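Colleague: First, the structure itself, so that you have it in front of you.
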Amino acid sequence: MSNSYIKWNKLKDLIFKWYGLLCTVAGIFILAIFLYTIIADGWDRLNWQFFTSLPSRRPSNAGILVPLLGTLWIMILTTIIAVPIGIAAAIYLEEYGKKSRFASFIEVNIANLAGVPSIIYGLLALEIFVRIMGLGRSLLSGALTLSLLILPIIIVSTREALKSVPKSIREASYALGATKWKTIWNAVLPSAAGGILTGVILAISRAIGETAPLVVIGAMLYITTIPTHPLDDFSALPIQIYNWLSRPQKGFIENATAAIIVLLAITFILNGIAIYLRNKWQSKVKW
Amino acid sequence: MLSKISAENVNVYYGNNHVIKNVTLSIKPNEVVAFIGPSGCGKSTFLRLLNRMNDFIETFRMDGKIIIDNEDIYDKKIQVEELRKKVGMVFQKPNPFPKSIYENVVYGLKIQGIRDKKILDSVVEKTLQQVGIWNEVKDKLHQSALALSGGQQQRICIARTLAVEPSVVLMDEPTSALDPISTATIEELIYQLKKDYTIVIVTHNMQQAGRVSDRTAFFYMGELIEFSDTKELFTNPKVELTQKYITGRFG
């Protein structure tokens, strides 16, 4: 009786092991096919001309200089706007906010905001930034839009990082005569820096891949000038990809796949940095 | 002799929980006092009253008076940060910051805005000498304190506490997470520190209380049962409950 019970459990164990392996391999397999087709189609197009050329009606003359610079601008502006606000909000909620019903209401809603479809943010931004504030279809509008989008992600991940700092670290600081502000600034934030940075980088890498909200605010123009000012019109890599993919000529499809490689490379590099930082901090900080 | 610390009719409540019951005691300057008693008897809570670390507990309430250096430390005029500089604390588990040894020791000075490298350097050397770890770590002051052993970490934590020049040092079971050899060095250190500081130590280890303290207070269920010379308390307790506890019949 008990013997067959053990056998049955061992069989379940085995079945789950193989099922789990299958699931893992399926994910990797799909990613591999995806990468292979993209690279096979677009690799040859990646040359110096592609990176340094303005848009053109002829696929072989067209390049990604304008959208690439647009994406870099957006990345920097979004970081400048979203990171200080997000971290400050997280510090307030985690360290200062009283544990009230109102606080948990805000908490739930921030988590909800992280799940709102990005196109909704685009619509909001179109009304507020483009029309009411009159910023037009500028880099600044785009960066503000993406900042809205990633703020909840930054807030949630920063709060998690702050929460993971043990009470003993705060106590140590208070016991040495530190005020709350000094404790947060000198003990809690340095201890949480790895987690915060990881969250921020993942949020930024999410932002630069977003297309829908930028399409909504109208960053779909045919732009032939390099953006040099936050109020300049702009394009960005995902929009350029979207744009090229809608053209009938085969050459533009090739351009699009090449641009996808560039966008993927940026994302992978950012994620790689995030993983590196996380591992580095984990090995440094053992509680 | 004037007392360094005195408590008068102190009661502590966590919500409806009455955890310290009408405790009155006084501690003299440069004395080592041990608090003993079973888990949950209120000895740690009482210790944390002395540098107001209970203030962080939302449901905490207290009445009565605690006077340190002739000041009522629960008076509204008291700056808690100033009090905590004067009344330092060493915790149960070594809790160095994830920073270098040097940065750990100067933390309390830096938050006061002291940046002069000469001052900081001399404080680091002096306090690490005091805790007897200078020779072990002087070549790796800028390495992470987390790389040290538990006993070394605890001594860094003590050095860090001494760096802000307290006159009282509270120790909450400072050796309970350490091996016997590290424990012996910390006990030796307590003995050394006695001449400059008033020390209050909570311990579960009665031999330790016997070895390091001048006087011992026995707490039970939030009450101070007996407080007398350590030798006296362990060899000739006045109260039956103390007798039972120190002979291990409960606890």
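Chain lettering (A, B, ...) mirrors the order of the structure tokens, residue numbering begins at 1 for each chain separately, and ligand numbering begins at 1 in order of display.
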When the cut-off is 7 Å and we count only C-alpha atoms, which residues of chain B are near chain A, given as an mmCIF file with C-alpha atoms, in the first residue's frame?
Modeller:
```cif
data_model
loop_
_atom_site.group_PDB
_atom_site.id
_atom_site.type_symbol
_atom_site.label_atom_id
_atom_site.label_comp_id
_atom_site.auth_asym_id
_atom_site.auth_seq_id
_atom_site.Cartn_x
_atom_site.Cartn_y
_atom_site.Cartn_z
ATOM 1 C CA GLU B 81 19.416 61.876 18.228
ATOM 2 C CA GLU B 82 21.552 63.554 20.890
ATOM 3 C CA ARG B 84 21.366 58.107 21.141
ATOM 4 C CA LYS B 85 24.819 59.552 20.626
ATOM 5 C CA GLY B 88 25.134 53.826 22.253
ATOM 6 C CA MET B 89 23.835 50.376 21.438
ATOM 7 C CA ASN B 95 24.796 44.441 11.874
ATOM 8 C CA PHE B 97 26.505 48.428 7.101
ATOM 9 C CA PRO B 98 27.338 46.994 3.680
ATOM 10 C CA GLY B 108 28.191 58.226 13.219
ATOM 11 C CA ILE B 111 26.218 61.960 9.720
ATOM 12 C CA THR B 161 29.346 52.757 18.661
#
```
Colleague: Excluding same-chain residues fewer than 3 positions from Gln207 (chain B), what lies within 12 Å of it counting only C-alpha atoms, as JSON, numbers by chain?
Modeller: {"B": [34, 36, 183, 184, 187, 203, 204, 210, 211, 212, 213, 216, 230, 231, 234, 246, 247]}
Colleague: Contacts of region 85-100 of chain A at 10 Å or less, counting only C-alpha atoms, minus same-chain residues fewer than 6 places along, as a count of residues only?
Modeller: 26
Colleague: Name the residues of region 90-267 of chain A that come out as alpha helix (DSSP H) in a backbone DSSP run; write them as a PyMOL selection string.
Modeller: chain A and resi 90-91+101-113+118-125+139-163+167-175+180-183+189-209+212-216+237-245+250-267
Colleague: Those same residues - C-alpha atoms - I'd like them written as a compact mmCIF listing (two decimals), in the first residue's frame.
Modeller:
```txt
# COMPACT_ATOMS: atom_id res chain seq x y z
CA ALA A 90 8.81 55.09 -3.34
CA ILE A 91 10.81 56.46 -0.41
CA ARG A 101 -6.27 52.68 4.54
CA PHE A 102 -5.44 55.55 2.22
CA ALA A 103 -1.87 54.28 1.91
CA SER A 104 -2.97 50.80 0.93
CA PHE A 105 -5.44 52.34 -1.53
CA ILE A 106 -2.56 54.21 -3.19
CA GLU A 107 -0.44 51.09 -3.08
CA VAL A 108 -3.01 48.97 -4.90
CA ASN A 109 -3.53 51.67 -7.47
CA ILE A 110 0.14 52.04 -8.24
CA ALA A 111 0.33 48.31 -8.81
CA ASN A 112 -2.71 48.67 -11.08
CA LEU A 113 -1.09 51.51 -13.02
CA SER A 118 0.54 51.53 -22.77
CA ILE A 119 -1.76 52.99 -25.41
CA ILE A 120 -3.90 54.46 -22.63
CA TYR A 121 -0.88 56.41 -21.44
CA GLY A 122 -0.47 57.60 -25.01
CA LEU A 123 -4.02 58.97 -25.08
CA LEU A 124 -3.54 60.71 -21.74
CA ALA A 125 -0.27 62.21 -22.94
CA LEU A 139 11.08 64.61 -27.63
CA LEU A 140 9.94 66.10 -24.35
CA SER A 141 6.35 64.97 -24.94
CA GLY A 142 7.60 61.49 -25.77
CA ALA A 143 9.84 61.33 -22.73
CA LEU A 144 7.08 62.57 -20.43
CA THR A 145 4.73 59.96 -21.87
CA LEU A 146 7.18 57.12 -21.32
CA SER A 147 7.98 58.50 -17.87
CA LEU A 148 4.32 58.14 -16.94
CA LEU A 149 4.43 54.61 -18.26
CA ILE A 150 7.45 53.50 -16.26
CA LEU A 151 6.86 55.49 -13.07
CA PRO A 152 4.74 52.76 -11.48
CA ILE A 153 7.35 50.15 -12.40
CA ILE A 154 10.12 52.20 -10.81
CA ILE A 155 8.03 52.89 -7.72
CA VAL A 156 7.11 49.25 -7.22
CA SER A 157 10.64 47.92 -7.73
CA THR A 158 12.21 50.63 -5.56
CA ARG A 159 9.77 49.84 -2.76
CA GLU A 160 10.66 46.18 -3.00
CA ALA A 161 14.35 47.07 -2.79
CA LEU A 162 13.74 49.31 0.24
CA LYS A 163 11.65 46.63 1.91
CA LYS A 167 15.46 46.37 10.11
CA SER A 168 18.83 45.81 11.78
CA ILE A 169 20.51 48.22 9.33
CA ARG A 170 18.03 50.98 10.16
CA GLU A 171 18.40 50.29 13.88
CA ALA A 172 22.17 50.47 13.61
CA SER A 173 21.90 53.88 12.02
CA TYR A 174 19.34 55.27 14.47
CA ALA A 175 21.37 53.96 17.40
CA LYS A 180 15.33 59.50 9.75
CA TRP A 181 16.56 61.41 6.70
CA LYS A 182 20.21 60.56 7.43
CA THR A 183 19.28 56.94 7.97
CA LEU A 189 19.56 53.76 0.07
CA PRO A 190 23.15 52.48 -0.28
CA SER A 191 21.96 49.06 0.91
CA ALA A 192 19.07 49.09 -1.55
CA ALA A 193 21.02 50.63 -4.45
CA GLY A 194 21.51 47.37 -6.32
CA GLY A 195 17.83 46.54 -6.31
CA ILE A 196 16.80 50.08 -7.19
CA LEU A 197 19.25 50.30 -10.06
CA THR A 198 18.15 46.94 -11.44
CA GLY A 199 14.50 48.05 -11.39
CA VAL A 200 15.32 51.36 -13.01
CA ILE A 201 17.31 49.80 -15.84
CA LEU A 202 14.62 47.23 -16.57
CA ALA A 203 12.03 50.02 -16.62
CA ILE A 204 14.10 52.09 -19.05
CA SER A 205 14.62 49.11 -21.29
CA ARG A 206 10.87 48.61 -21.29
CA ALA A 207 10.38 52.28 -22.18
CA ILE A 208 12.64 52.32 -25.22
CA GLY A 209 10.81 49.37 -26.74
CA ALA A 212 2.02 52.45 -29.10
CA PRO A 213 2.06 55.54 -26.86
CA LEU A 214 4.52 57.27 -29.17
CA VAL A 215 2.35 56.50 -32.16
CA VAL A 216 -0.62 58.01 -30.36
CA LEU A 237 13.52 53.06 -33.30
CA PRO A 238 10.28 51.15 -32.62
CA ILE A 239 8.35 53.73 -34.64
CA GLN A 240 10.81 53.52 -37.51
CA ILE A 241 10.46 49.75 -37.45
CA TYR A 242 6.68 50.00 -37.46
CA ASN A 243 6.86 52.50 -40.28
CA TRP A 244 9.18 50.43 -42.48
CA LEU A 245 7.22 47.25 -41.91
CA LYS A 250 11.20 44.27 -49.74
CA GLY A 251 14.15 46.52 -49.03
CA PHE A 252 12.27 48.32 -46.28
CA ILE A 253 11.41 45.02 -44.62
CA GLU A 254 15.12 44.26 -44.58
CA ASN A 255 15.76 47.69 -43.06
CA ALA A 256 13.16 46.99 -40.41
CA THR A 257 14.75 43.71 -39.36
CA ALA A 258 18.15 45.41 -39.15
CA ALA A 259 16.64 48.12 -36.96
CA ILE A 260 15.10 45.40 -34.80
CA ILE A 261 18.56 43.95 -34.25
CA VAL A 262 19.78 47.35 -33.09
CA LEU A 263 16.82 47.80 -30.75
CA LEU A 264 17.24 44.28 -29.38
CA ALA A 265 20.94 44.89 -28.85
CA ILE A 266 20.21 48.01 -26.81
CA THR A 267 17.62 46.14 -24.75
```
Colleague: In Å, rounded to a single decimal, give me how far CA of Thr228 (chain A) is from CA of Trp43 (chain A).
Modeller: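 CA of Trp43 (chain A) sits 29.1 Å away from CA of Thr228 (chain A).
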